[in-house]
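J.: Sharing work07.cif here; it has mmCIF, C-alpha atoms.
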data_entry
#
loop_
_atom_site.label_atom_id
_atom_site.label_comp_id
_atom_site.auth_asym_id
_atom_site.auth_seq_id
_atom_site.Cartn_x
_atom_site.Cartn_y
_atom_site.Cartn_z
CA MET A 109 19.80 -16.62 5.56
CA ASP A 110 16.81 -18.50 4.18
CA ILE A 111 14.01 -16.81 2.26
CA LYS A 112 11.49 -17.36 5.06
CA GLN A 113 13.72 -15.52 7.54
CA LEU A 114 14.32 -12.70 5.05
CA TYR A 115 10.55 -12.36 4.56
CA THR A 116 10.01 -12.26 8.32
CA ASP A 117 12.77 -9.68 8.78
CA ILE A 118 11.33 -7.39 6.09
CA ILE A 119 7.81 -7.63 7.58
CA LEU A 120 9.16 -6.83 11.03
CA GLU A 121 11.25 -3.93 9.73
CA TYR A 122 8.31 -2.31 7.94
CA ASN A 123 5.92 -3.06 10.79
CA GLN A 124 8.18 -0.98 13.05
CA ASP A 125 8.83 1.77 10.48
CA LEU A 126 6.99 4.88 11.66
CA THR A 127 8.12 7.16 8.81
CA ASN A 128 4.63 7.42 7.31
CA LYS A 129 2.62 6.15 10.28
CA ARG A 130 1.36 9.51 11.46
CA GLU A 131 -1.51 11.96 11.13
CA LEU A 132 -1.39 13.96 7.93
CA VAL A 133 -2.16 17.65 8.40
CA SER A 134 -4.77 18.98 5.94
CA PRO A 135 -5.02 15.93 3.67
CA THR A 136 -6.76 16.20 0.32
CA ILE A 137 -8.68 13.05 1.21
CA LYS A 138 -8.71 10.42 3.93
CA GLU A 139 -10.36 7.01 3.94
CA HIS A 140 -10.92 4.31 6.55
CA GLY A 141 -10.25 0.64 5.92
CA HIS A 142 -11.33 -2.22 8.16
CA ASN A 143 -10.80 -5.96 8.06
CA PRO A 144 -13.55 -7.54 10.19
CA ASN A 145 -11.89 -10.96 10.02
CA CYS A 146 -8.97 -9.96 12.22
CA GLY A 147 -9.85 -6.48 13.43
CA ASP A 148 -7.29 -4.51 11.40
CA ASP A 149 -8.27 -0.84 11.24
CA ILE A 150 -6.44 1.68 9.12
CA ASP A 151 -6.88 5.27 7.99
CA VAL A 152 -4.98 6.34 4.89
CA ALA A 153 -4.65 10.02 4.02
CA ILE A 154 -3.02 11.66 1.03
CA LYS A 155 -2.17 15.19 0.07
CA VAL A 156 -2.42 15.79 -3.68
CA ARG A 157 -0.76 18.70 -5.42
CA GLU A 158 -0.75 19.23 -9.18
CA GLY A 159 -1.64 15.60 -9.86
CA MET A 160 1.08 14.23 -7.59
CA VAL A 161 0.92 12.44 -4.23
CA GLU A 162 2.79 15.10 -2.30
CA ASP A 163 2.42 13.20 0.97
CA ILE A 164 0.80 10.03 2.25
CA ALA A 165 0.37 8.82 5.80
CA TYR A 166 -1.59 6.22 7.71
CA THR A 167 -2.73 5.53 11.25
CA GLY A 168 -4.42 2.59 12.85
CA ASN A 169 -3.85 -0.77 14.37
CA GLY A 170 -3.50 -4.22 13.00
CA CYS A 171 -1.33 -7.24 12.54
CA ALA A 172 2.27 -6.98 11.41
CA ILE A 173 1.37 -7.87 7.81
CA SER A 174 -1.29 -5.15 7.43
CA GLN A 175 0.94 -2.52 9.00
CA ALA A 176 4.06 -3.54 7.06
CA SER A 177 2.19 -3.73 3.77
CA THR A 178 0.71 -0.26 4.30
CA ALA A 179 4.14 1.13 5.22
CA MET A 180 5.55 -0.38 2.01
CA MET A 181 2.70 1.15 0.03
CA ALA A 182 3.21 4.63 1.50
CA GLU A 183 6.94 4.51 0.81
CA LEU A 184 6.30 3.44 -2.79
CA ILE A 185 3.51 5.91 -3.61
CA LYS A 186 4.89 9.10 -2.06
CA GLY A 187 5.99 11.48 -4.80
CA LYS A 188 4.32 9.53 -7.60
CA SER A 189 1.67 10.89 -9.97
CA LEU A 190 -1.92 9.84 -9.37
CA MET A 191 -1.80 7.87 -12.60
CA GLU A 192 1.34 6.00 -11.53
CA SER A 193 -0.11 5.45 -8.04
CA ARG A 194 -3.21 3.84 -9.53
CA ARG A 195 -1.08 1.63 -11.77
CA LEU A 196 1.08 0.49 -8.84
CA VAL A 197 -1.98 -0.29 -6.70
CA GLN A 198 -3.42 -2.38 -9.54
CA LEU A 199 -0.07 -4.13 -10.03
CA PHE A 200 0.18 -5.00 -6.33
CA LEU A 201 -3.38 -6.38 -6.26
CA ALA A 202 -2.76 -8.36 -9.46
CA MET A 203 0.42 -9.79 -7.88
CA ILE A 204 -1.49 -10.88 -4.78
CA ARG A 205 -4.14 -12.55 -6.98
CA GLY A 206 -1.38 -14.33 -8.89
CA GLN A 207 -2.30 -12.59 -12.15
CA VAL A 208 1.14 -11.00 -12.60
CA THR A 209 4.17 -13.14 -11.83
CA ASP A 210 6.91 -11.64 -14.03
CA MET A 211 9.68 -10.68 -11.62
CA ASN A 212 10.92 -7.92 -13.92
CA ILE A 213 7.52 -6.20 -13.72
CA LEU A 214 6.97 -6.89 -10.02
CA GLU A 215 10.31 -5.31 -9.09
CA GLU A 216 8.55 -1.96 -9.61
CA LEU A 217 6.76 -2.65 -6.33
CA GLU A 218 10.08 -2.41 -4.48
CA ALA A 219 9.70 -3.78 -0.92
CA ALA A 220 6.04 -4.70 -1.49
CA TYR A 221 7.26 -7.36 -3.90
CA THR A 222 8.27 -9.42 -0.86
CA LEU A 223 4.56 -10.03 -0.19
CA LYS A 224 4.14 -11.92 -3.48
CA ASP A 225 3.67 -15.29 -1.77
CA ILE A 226 1.01 -14.09 0.66
CA ALA A 227 -1.62 -15.78 -1.53
CA LYS A 228 -0.30 -19.09 -0.18
CA MET A 229 -1.66 -17.96 3.20
CA PRO A 230 -5.29 -17.08 2.26
CA VAL A 231 -6.20 -15.93 5.75
CA ARG A 232 -3.47 -13.23 5.50
CA VAL A 233 -4.41 -11.87 2.06
CA LYS A 234 -6.97 -9.41 3.43
CA CYS A 235 -4.33 -8.15 5.86
CA ALA A 236 -1.84 -7.51 3.07
CA VAL A 237 -4.30 -5.70 0.79
CA LEU A 238 -6.14 -3.56 3.37
CA GLY A 239 -4.03 -0.42 2.93
CA TRP A 240 -3.88 -0.87 -0.84
CA HIS A 241 -7.66 -1.24 -1.14
CA THR A 242 -8.08 1.83 1.06
CA LEU A 243 -5.77 3.83 -1.22
CA GLU A 244 -7.70 2.52 -4.23
CA LEU A 245 -10.90 3.94 -2.67
CA ILE A 246 -9.15 7.28 -2.24
CA LEU A 247 -7.97 7.38 -5.84
CA ASN A 248 -11.52 6.60 -7.00
CA GLN A 249 -13.02 9.42 -4.90
CA LEU A 250 -10.79 12.29 -5.92
CA SER A 251 -12.44 15.22 -7.64
CA ASP A 252 -12.24 15.56 -11.40
CA GLU A 253 -9.70 18.33 -10.96
CA ASP A 254 -7.46 16.12 -8.83
CA LYS A 255 -7.92 13.20 -11.23
CA ARG A 256 -6.99 15.14 -14.35
CA ASP A 257 -4.04 12.90 -15.10
CA LEU A 258 -5.50 9.57 -14.01
#
Here is the file; what I need is its structure written in the form of structure tokens.
T.:
Amino acid sequence: MDIKQLYTDIILEYNQDLTNKRELVSPTIKEHGHNPNCGDDIDVAIKVREGMVEDIAYTGNGCAISQASTAMMAELIKGKSLMESRRLVQLFLAMIRGQVTDMNILEELEAAYTLKDIAKMPVRVKCAVLGWHTLELILNQLSDEDKRDL
């Protein structure tokens, strides 16, 4: 199987994964993300408990890349500390910008690592980062009590 087909298969798999594509009951915080260029709309919600992302979910509509990327993000972040979540969001965004290319470091992103070449398709970059930017907004808005270990 060639790398292009593998990439396509992973995007399709995560686009169809509904594990974290759901409403989150009583989230700590919820934020809306929108990409006006292609109409992607996403709501990301997290439940924080004792400095940890106890649960994360998203709803919305968009292209396969935005939905798959957000599914990858939710899978990666669930159960992580807020500090680790912030670090992983920054790592993903740095990867997309081409600022971090070391495969050993990028492996921490698990499935999201497969989006590393999205920068070669500039029109798709905003799709890939929509959920991640929305989570970044959430992490920046948490109360001081929730952010105690950021």
J.: Give me the residues within 10 Å of stretch 154-160 of chain A as a ChimeraX atom specification, counting only C-alpha atoms and dropping any in the same chain fewer than 5 places off.
T.: /A:132-139,165-166,182,185-193,243,246-247,250,253-258
J.: With the file shown as input, list the residues that the PyMOL selection byres ((chain A and resi 184) around 12) selects, as a count of residues only.
T.: 32
J.: I'd like to know which of A:Ile119, A:Cys235, A:Ile173, A:Leu214 is closest to A:Ala202, using only C-alpha atoms.
T.: A:Leu214
J.: In Å to one decimal, how far is atom CA of A:Leu199 from atom CA of A:Met211?
T.: 11.9 Å
J.: Once the PyMOL selection byres ((chain A and resi 151) around 7) is applied to the coordinates I shared, what remains selected? I want it as an MDAnalysis selection string.
T.: chainID A and resid 138:141 150 152:153 166:168
J.: Given the file shown, determine the residues that the PyMOL selection byres ((chain A and resi 121) around 12) selects; report them as a list in words.
T.: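 So the PyMOL selection byres ((chain A and resi 121) around 12), applied here, picks out Leu114, Tyr115, Thr116, Asp117, Ile118, Ile119, Leu120, Tyr122, Asn123, Gln124, Asp125, Leu126, Thr127, Ala172, Ile173, Gln175, Ala176, Ser177, Ala179, Met180 and Ala219 of chain A.
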J.: Could you give me the axis-aligned bounding box of stretch 215-234 of chain A, with 6 Å of padding per side, as centre plus edge lengths in Å to one decimal, as lines of an AutoDock Vina configuration file?
T.:
center_x = 1.7
center_y = -10.5
center_z = -1.9
size_x = 29.3
size_y = 29.1
size_z = 27.4
J.: Name the residues in contact with A:Pro230 at a cut-off of 12 Å, using only C-alpha atoms, excluding same-chain residues fewer than 5 positions from it; report them as a PyMOL selection string.
T.: chain A and resi 145+204-205+225+235-237
J.: Using only C-alpha atoms, find the one residue out of A:Asp210, A:Lys224, A:Leu238, A:Arg130 that sits nearest to A:Cys171.
T.: A:Leu238
J.: What separation in Å, quoted to one decimal, exists between atom CA of A:Asn143 and atom CA of A:Thr242?
T.: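 Answer for the atom CA of A:Asn143 to atom CA of A:Thr242 separation: 10.8 Å.
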J.: For atom CA of A:His241 and atom CA of A:Ile226, quote the distance in Å rounded to one decimal.
T.: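 These two atoms are separated by 15.6 Å.
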